[in-house]
>>> print(open('data32.txt').read())   # compact mmCIF, C-alpha atoms
# COMPACT_ATOMS: atom_id res chain seq x y z
CA MET A 13 116.89 3.56 -67.64
CA ASP A 14 117.92 5.36 -70.82
CA MET A 15 115.07 5.37 -73.33
CA LYS A 16 117.52 5.28 -76.25
CA ASN A 17 119.15 2.11 -74.95
CA LEU A 18 115.74 0.47 -74.55
CA LYS A 19 114.67 1.46 -78.06
CA THR A 20 117.94 0.13 -79.52
CA PHE A 21 117.44 -3.19 -77.71
CA HIS A 22 113.97 -3.58 -79.21
CA LEU A 23 115.29 -2.82 -82.69
CA ILE A 24 117.99 -5.48 -82.30
CA VAL A 25 115.31 -8.00 -81.36
CA LYS A 26 113.10 -6.85 -84.25
CA TYR A 27 115.81 -7.15 -86.92
CA GLY A 28 118.02 -9.76 -85.27
CA SER A 29 120.98 -7.58 -86.14
CA PHE A 30 123.16 -4.92 -84.50
CA ILE A 31 123.92 -3.50 -87.95
CA ARG A 32 120.25 -3.04 -88.91
CA ALA A 33 119.47 -1.48 -85.53
CA ALA A 34 122.39 0.95 -85.99
CA GLU A 35 121.12 1.92 -89.45
CA GLU A 36 117.59 2.48 -88.11
CA MET A 37 118.88 4.70 -85.31
CA ASN A 38 121.47 6.36 -87.55
CA TYR A 39 124.21 5.29 -85.13
CA ALA A 40 127.63 3.74 -85.62
CA GLN A 41 127.61 0.01 -84.83
CA SER A 42 130.03 0.63 -81.97
CA THR A 43 127.46 2.97 -80.38
CA VAL A 44 124.81 0.23 -80.48
CA THR A 45 127.25 -2.25 -78.92
CA MET A 46 128.08 0.21 -76.16
CA GLN A 47 124.38 0.88 -75.50
CA MET A 48 123.69 -2.83 -75.02
CA GLN A 49 126.66 -3.18 -72.70
CA ARG A 50 125.35 -0.28 -70.58
CA LEU A 51 121.82 -1.73 -70.51
CA GLU A 52 123.02 -5.20 -69.44
CA SER A 53 125.31 -3.65 -66.84
CA GLU A 54 122.43 -1.58 -65.46
CA LEU A 55 120.14 -4.62 -65.26
CA GLY A 56 122.86 -6.96 -64.03
CA VAL A 57 121.93 -9.70 -66.54
CA GLU A 58 122.93 -10.79 -70.04
CA LEU A 59 120.14 -10.08 -72.52
CA LEU A 60 121.65 -11.30 -75.78
CA GLU A 61 123.76 -14.24 -76.84
CA ARG A 62 126.19 -12.86 -79.43
CA GLY A 63 127.20 -15.04 -82.37
CA LYS A 64 126.42 -15.45 -86.04
CA THR A 65 122.83 -14.85 -85.06
CA ILE A 66 121.43 -12.78 -82.19
CA VAL A 67 119.54 -14.89 -79.66
CA LEU A 68 117.72 -13.68 -76.57
CA THR A 69 118.73 -15.20 -73.27
CA GLU A 70 115.99 -16.31 -70.86
CA ALA A 71 116.41 -12.99 -69.02
CA GLY A 72 116.38 -11.22 -72.39
CA ARG A 73 113.05 -12.78 -73.38
CA LEU A 74 111.49 -11.78 -70.05
CA PHE A 75 112.86 -8.25 -70.28
CA TYR A 76 111.72 -7.86 -73.89
CA GLU A 77 108.17 -9.02 -73.21
CA GLN A 78 107.67 -6.90 -70.11
CA SER A 79 109.48 -3.81 -71.41
CA LEU A 80 107.54 -3.67 -74.68
CA GLN A 81 104.58 -1.96 -73.04
CA ILE A 82 106.92 0.39 -71.16
CA LYS A 83 108.62 1.40 -74.42
CA ASN A 84 105.29 2.00 -76.17
CA ARG A 85 103.99 4.09 -73.27
CA LEU A 86 107.19 6.13 -73.10
CA GLU A 87 107.02 6.79 -76.85
CA GLN A 88 103.38 7.84 -76.53
CA LEU A 89 104.30 10.07 -73.60
CA GLN A 90 107.07 11.71 -75.62
CA SER A 91 104.63 12.25 -78.48
CA ASN A 92 102.02 13.74 -76.15
CA LEU A 93 104.58 16.07 -74.56
CA ALA A 94 105.71 17.19 -78.02
CA ASP A 95 102.08 17.93 -78.95
CA ILE A 96 101.62 20.01 -75.79
CA GLN A 97 104.87 21.85 -76.48
CA SER A 98 103.67 22.69 -79.99
CA GLY A 99 100.14 23.57 -78.88
CA GLU A 100 98.60 20.64 -80.74
CA ALA A 101 97.41 19.08 -77.47
CA GLY A 102 96.48 20.16 -73.96
CA HIS A 103 93.50 20.62 -71.66
CA VAL A 104 91.62 23.91 -71.96
CA ARG A 105 88.98 24.87 -69.39
CA LEU A 106 86.72 27.70 -70.48
CA GLY A 107 83.60 29.24 -69.02
CA VAL A 108 80.61 30.58 -70.93
CA THR A 109 77.28 32.22 -70.13
CA GLU A 110 73.89 31.54 -71.67
CA PRO A 111 72.58 31.93 -74.32
CA THR A 112 76.03 31.77 -75.96
CA ALA A 113 76.66 28.37 -74.37
CA SER A 114 73.65 26.83 -76.11
CA TYR A 115 73.33 28.77 -79.34
CA ARG A 116 76.77 29.93 -80.45
CA LEU A 117 79.47 27.82 -78.87
CA PRO A 118 78.55 24.23 -79.89
CA ARG A 119 78.95 24.89 -83.62
CA LEU A 120 82.19 26.81 -83.11
CA LEU A 121 83.76 24.21 -80.83
CA GLY A 122 82.78 21.48 -83.28
CA ARG A 123 84.82 23.21 -85.97
CA PHE A 124 87.71 23.80 -83.58
CA GLN A 125 87.85 20.16 -82.50
CA ALA A 126 87.92 19.07 -86.14
CA MET A 127 91.09 21.14 -86.56
CA TYR A 128 92.69 20.24 -83.22
CA PRO A 129 91.36 16.83 -82.13
CA LYS A 130 94.09 16.36 -79.50
CA ILE A 131 93.10 19.46 -77.53
CA LYS A 132 90.69 18.48 -74.75
CA LEU A 133 88.01 21.05 -73.96
CA SER A 134 86.00 21.43 -70.76
CA VAL A 135 83.11 23.91 -70.81
CA ASP A 136 81.75 25.37 -67.57
CA ILE A 137 78.38 27.13 -67.94
CA GLY A 138 77.57 29.75 -65.32
CA SER A 139 77.32 33.43 -64.49
CA SER A 140 79.86 36.12 -65.34
CA LEU A 141 80.33 36.77 -61.62
CA ASN A 142 81.16 33.16 -60.78
CA MET A 143 83.46 32.75 -63.76
CA SER A 144 85.41 35.88 -62.84
CA GLU A 145 86.20 34.25 -59.51
CA GLN A 146 87.12 30.94 -61.18
CA ILE A 147 89.54 32.71 -63.50
CA ARG A 148 91.21 34.48 -60.58
CA LYS A 149 91.60 31.12 -58.80
CA GLY A 150 93.04 29.47 -61.91
CA GLU A 151 90.08 27.08 -62.26
CA LEU A 152 89.30 28.45 -65.74
CA GLU A 153 91.73 29.66 -68.38
CA PHE A 154 89.28 32.25 -69.72
CA ALA A 155 85.55 32.82 -70.17
CA LEU A 156 83.11 34.00 -72.80
CA CYS A 157 80.74 36.30 -70.96
CA SER A 158 79.60 39.88 -70.31
CA ALA A 159 81.92 42.56 -69.01
CA PRO A 160 82.86 42.06 -65.33
CA ASP A 161 82.91 44.63 -62.56
CA LEU A 162 85.91 46.95 -62.78
CA THR A 163 87.11 45.75 -59.39
CA THR A 164 87.92 42.25 -60.67
CA GLY A 165 91.21 43.36 -62.20
CA LEU A 166 90.61 41.00 -65.12
CA TYR A 167 91.06 41.76 -68.82
CA PHE A 168 87.90 41.91 -70.96
CA GLU A 169 87.94 41.98 -74.76
CA PRO A 170 84.47 42.82 -76.19
CA LEU A 171 83.59 40.91 -79.36
CA PHE A 172 79.86 41.14 -80.13
CA HIS A 173 76.50 42.35 -78.84
CA GLU A 174 73.55 40.20 -77.78
CA LYS A 175 70.31 41.72 -79.06
CA PHE A 176 67.14 41.43 -76.96
CA VAL A 177 63.47 41.43 -77.98
CA VAL A 178 60.20 41.27 -76.03
CA LEU A 179 58.60 37.82 -76.04
CA LEU A 180 54.85 37.66 -75.36
CA PRO A 181 52.07 35.04 -75.40
CA GLU A 182 50.33 35.38 -78.78
CA ASN A 183 47.02 36.30 -77.10
CA HIS A 184 48.58 39.03 -74.93
CA VAL A 185 47.02 42.47 -75.10
CA LEU A 186 50.36 44.09 -76.07
CA THR A 187 50.66 42.08 -79.29
CA ASN A 188 48.49 44.66 -81.06
CA ARG A 189 51.48 47.03 -81.00
CA SER A 190 54.31 46.78 -83.52
CA THR A 191 56.87 48.25 -81.10
CA LEU A 192 56.90 48.36 -77.33
CA ALA A 193 58.22 50.94 -74.88
CA PRO A 194 59.35 50.26 -71.28
CA ALA A 195 56.31 52.17 -70.04
CA ASP A 196 54.09 49.56 -71.74
CA PHE A 197 55.21 46.97 -69.18
CA GLN A 198 53.22 48.72 -66.44
CA GLY A 199 50.33 46.53 -65.36
CA HIS A 200 51.79 43.37 -66.91
CA ARG A 201 53.89 40.71 -65.24
CA LEU A 202 57.50 40.85 -66.39
CA LEU A 203 59.58 37.70 -66.08
CA ILE A 204 63.15 38.49 -64.99
CA THR A 205 66.34 36.59 -64.23
CA SER A 206 68.15 36.48 -60.86
CA ALA A 207 69.47 39.65 -59.22
CA THR A 208 73.12 38.75 -59.99
CA CYS A 209 72.45 38.36 -63.73
CA PRO A 210 74.06 41.16 -65.84
CA TYR A 211 71.10 41.03 -68.25
CA ARG A 212 68.70 41.83 -65.43
CA ARG A 213 70.86 44.72 -64.22
CA LYS A 214 70.89 46.12 -67.75
CA LEU A 215 67.11 45.75 -68.00
CA GLU A 216 66.54 47.41 -64.63
CA MET A 217 68.72 50.33 -65.66
CA VAL A 218 66.74 50.87 -68.88
CA LEU A 219 63.41 50.58 -67.08
CA LYS A 220 64.52 52.99 -64.38
CA GLU A 221 65.62 55.56 -66.94
CA ALA A 222 62.21 55.21 -68.63
CA GLY A 223 60.41 55.63 -65.27
CA ALA A 224 58.77 52.20 -65.63
CA THR A 225 59.22 51.05 -62.04
CA PRO A 226 58.00 49.47 -59.84
CA LEU A 227 56.68 46.55 -61.92
CA ASP A 228 54.93 43.27 -61.28
CA THR A 229 57.79 40.79 -61.70
CA MET A 230 58.41 37.09 -61.39
CA GLU A 231 62.00 35.90 -60.96
CA ILE A 232 63.17 32.94 -63.08
CA GLY A 233 66.63 31.59 -62.29
CA GLY A 234 67.83 30.81 -65.82
CA MET A 235 67.95 32.94 -68.95
CA THR A 236 67.17 30.09 -71.32
CA ALA A 237 64.11 29.11 -69.26
CA LEU A 238 62.36 32.46 -69.72
CA GLN A 239 60.82 31.60 -73.10
CA HIS A 240 59.16 28.48 -71.67
CA TYR A 241 57.51 30.50 -68.92
CA VAL A 242 56.24 32.99 -71.50
CA GLU A 243 54.95 30.06 -73.55
CA ALA A 244 53.05 28.90 -70.47
CA GLY A 245 51.35 32.32 -70.22
CA LEU A 246 53.04 33.40 -66.98
CA GLY A 247 54.12 36.79 -68.30
CA ILE A 248 56.27 38.63 -70.83
CA ALA A 249 60.06 38.77 -70.96
CA LEU A 250 63.02 40.36 -72.66
CA VAL A 251 65.04 37.50 -74.13
CA PRO A 252 68.06 37.14 -76.43
CA GLU A 253 66.90 37.04 -80.03
CA ILE A 254 69.39 34.30 -80.89
CA GLY A 255 67.53 31.82 -78.66
CA LEU A 256 64.24 32.25 -80.54
CA ASN A 257 64.91 30.17 -83.62
CA PRO A 258 62.26 28.93 -83.91
CA ILE A 259 60.00 31.12 -81.79
CA PRO A 260 58.20 28.94 -79.20
CA ALA A 261 54.69 27.89 -80.17
CA GLY A 262 52.01 30.28 -78.97
CA THR A 263 54.36 33.28 -78.62
CA VAL A 264 55.30 36.34 -80.65
CA THR A 265 58.13 38.90 -80.46
CA ARG A 266 58.16 42.66 -80.55
CA PRO A 267 61.13 45.05 -80.67
CA LEU A 268 61.68 47.53 -77.86
CA ASN A 269 61.88 51.19 -78.85
CA VAL A 270 64.83 51.55 -76.46
CA PRO A 271 67.22 48.89 -77.77
CA ILE A 272 68.68 46.63 -75.10
CA ASP A 273 71.83 44.77 -75.98
CA MET A 274 74.72 43.36 -74.01
CA SER A 275 78.39 43.47 -74.88
CA LEU A 276 79.98 40.03 -74.68
CA GLY A 277 83.56 38.97 -75.11
CA LEU A 278 86.53 37.09 -73.71
CA LEU A 279 87.53 37.45 -70.07
CA SER A 280 91.03 36.45 -68.92
CA ARG A 281 93.80 37.38 -66.52
CA GLY A 282 95.43 39.41 -69.28
CA PRO A 283 99.06 39.86 -70.35
CA GLU A 284 100.45 39.23 -66.86
CA ALA A 285 99.35 35.58 -67.16
CA PRO A 286 100.40 34.38 -70.64
CA LEU A 287 98.27 31.63 -72.15
CA THR A 288 99.69 28.23 -73.00
CA LEU A 289 99.85 27.45 -76.71
CA ALA A 290 96.75 25.22 -76.63
CA VAL A 291 94.74 27.81 -74.67
CA ALA A 292 95.94 30.54 -77.02
CA LYS A 293 94.68 28.51 -80.00
CA VAL A 294 91.17 28.29 -78.51
CA TYR A 295 91.20 31.95 -77.47
CA SER A 296 92.36 33.13 -80.90
CA PHE A 297 89.81 30.96 -82.70
CA LEU A 298 86.89 32.32 -80.68
CA GLN A 299 88.28 35.83 -80.95
CA GLN A 300 88.28 35.63 -84.75
CA GLU A 301 84.98 33.80 -85.18
CA LEU A 302 82.90 35.77 -82.70
CA GLY A 303 84.50 39.10 -83.63
CA ARG A 304 83.59 38.38 -87.24
CA SER A 305 80.04 37.27 -86.38
CA GLY A 306 79.04 40.68 -85.02
CA HIS A 307 75.33 40.66 -84.14
CA ARG A 308 74.55 37.28 -85.66
>>> encode(input="data32.txt", output="structure tokens")
Amino acid sequence: MDMKNLKTFHLIVKYGSFIRAAEEMNYAQSTVTMQMQRLESELGVELLERGKTIVLTEAGRLFYEQSLQIKNRLEQLQSNLADIQSGEAGHVRLGVTEPTASYRLPRLLGRFQAMYPKIKLSVDIGSSLNMSEQIRKGELEFALCSAPDLTTGLYFEPLFHEKFVVLLPENHVLTNRSTLAPADFQGHRLLITSATCPYRRKLEMVLKEAGATPLDTMEIGGMTALQHYVEAGLGIALVPEIGLNPIPAGTVTRPLNVPIDMSLGLLSRGPEAPLTLAVAKVYSFLQQELGRSGHR
């Protein structure tokens, strides 16, 4: 069924006039007449009784009532497709690691959604390793994470650095020092994340270079959980500074004399897999906002 013919029919019913319907559609009256003839021929019934006034036949009333919802849905579909074509709508699936997922992204996505309310966002929180695989499989459009292994073949655009500090219970013996060195961790339990976590690999590299291994460690599966374990007195930990606002009760922070920071940015399949307009809008927004934010 031709959508134009259906729309013309509804306008004729609305105005009770072929002439008014033609004016609304910017058609010649003969075009409107021909459209109605085609529609009635296609349906095999007479919809309108022509005369001084336009009257719906019994079949016409039934068709009008039951086609009204179809017309509205088709118009909405056309509008939605136009929004997708222009990048004003679409479904964007992005991945993000902690602590960015909890401390940076909510505010930014709130501002983005205010500008583009028709773009649906899905946020998957996980590890850089898992998200690299999801991007390769097409399950995520892109991710906000640390740099992947070189073997992934993915494109990484660094945007900012995550700064780390040492978090300690306020009654810990090391709090009497204004700055800590990796060697100071000897003899104290260090809380660390899982072996696949890029932050842990970075920490292990720094500690190894400083000759501060082996250490008494306790593995905690999630980065954001570390501060709560320090608060409970289970050890000390290197944690992202951004997640300590406010600092948990009963804890204090100290800088490390060998700065530990992680480069974070946007991970995607790169130029060989062009982004849709909606995805490109999200990517560009985060690129600008996080690139501008620097170390904040």
>>> closest_residue(input="data32.txt", among="A:Gln239, A:Gln47, A:Ser134, A:Asn38", to="A:Thr20", atoms="all atoms listed in the file")
A:Gln47
>>> closest_residue(input="data32.txt", among="A:Phe197, A:Tyr39, A:Phe21, A:Tyr115", to="A:Lys83", atoms="all atoms listed in the file")
A:Phe21
>>> closest_residue(input="data32.txt", among="A:Gln49, A:Asn269, A:Thr65, A:Thr109", to="A:Ala193", atoms="all atoms listed in the file")
A:Asn269
>>> residues_around(input="data32.txt", residues="A:Asp136", least_positions_apart="4", cutoff="8 Å", atoms="only C-alpha atoms", output="list in words")
Arg105, Leu106, Gly107 and Val108 of chain A
>>> write_last_selection(input="data32.txt", atoms="C-alpha atoms", output="mmCIF file, keeping the file's coordinate frame")
data_model
loop_
_atom_site.group_PDB
_atom_site.id
_atom_site.type_symbol
_atom_site.label_atom_id
_atom_site.label_comp_id
_atom_site.auth_asym_id
_atom_site.auth_seq_id
_atom_site.Cartn_x
_atom_site.Cartn_y
_atom_site.Cartn_z
ATOM 1 C CA ARG A 105 88.980 24.870 -69.390
ATOM 2 C CA LEU A 106 86.720 27.700 -70.480
ATOM 3 C CA GLY A 107 83.600 29.240 -69.020
ATOM 4 C CA VAL A 108 80.610 30.580 -70.930
#
>>> closest_residue(input="data32.txt", among="A:Gly247, A:Pro286, A:Val242, A:Ala155", to="A:His200", atoms="all atoms listed in the file")
A:Gly247
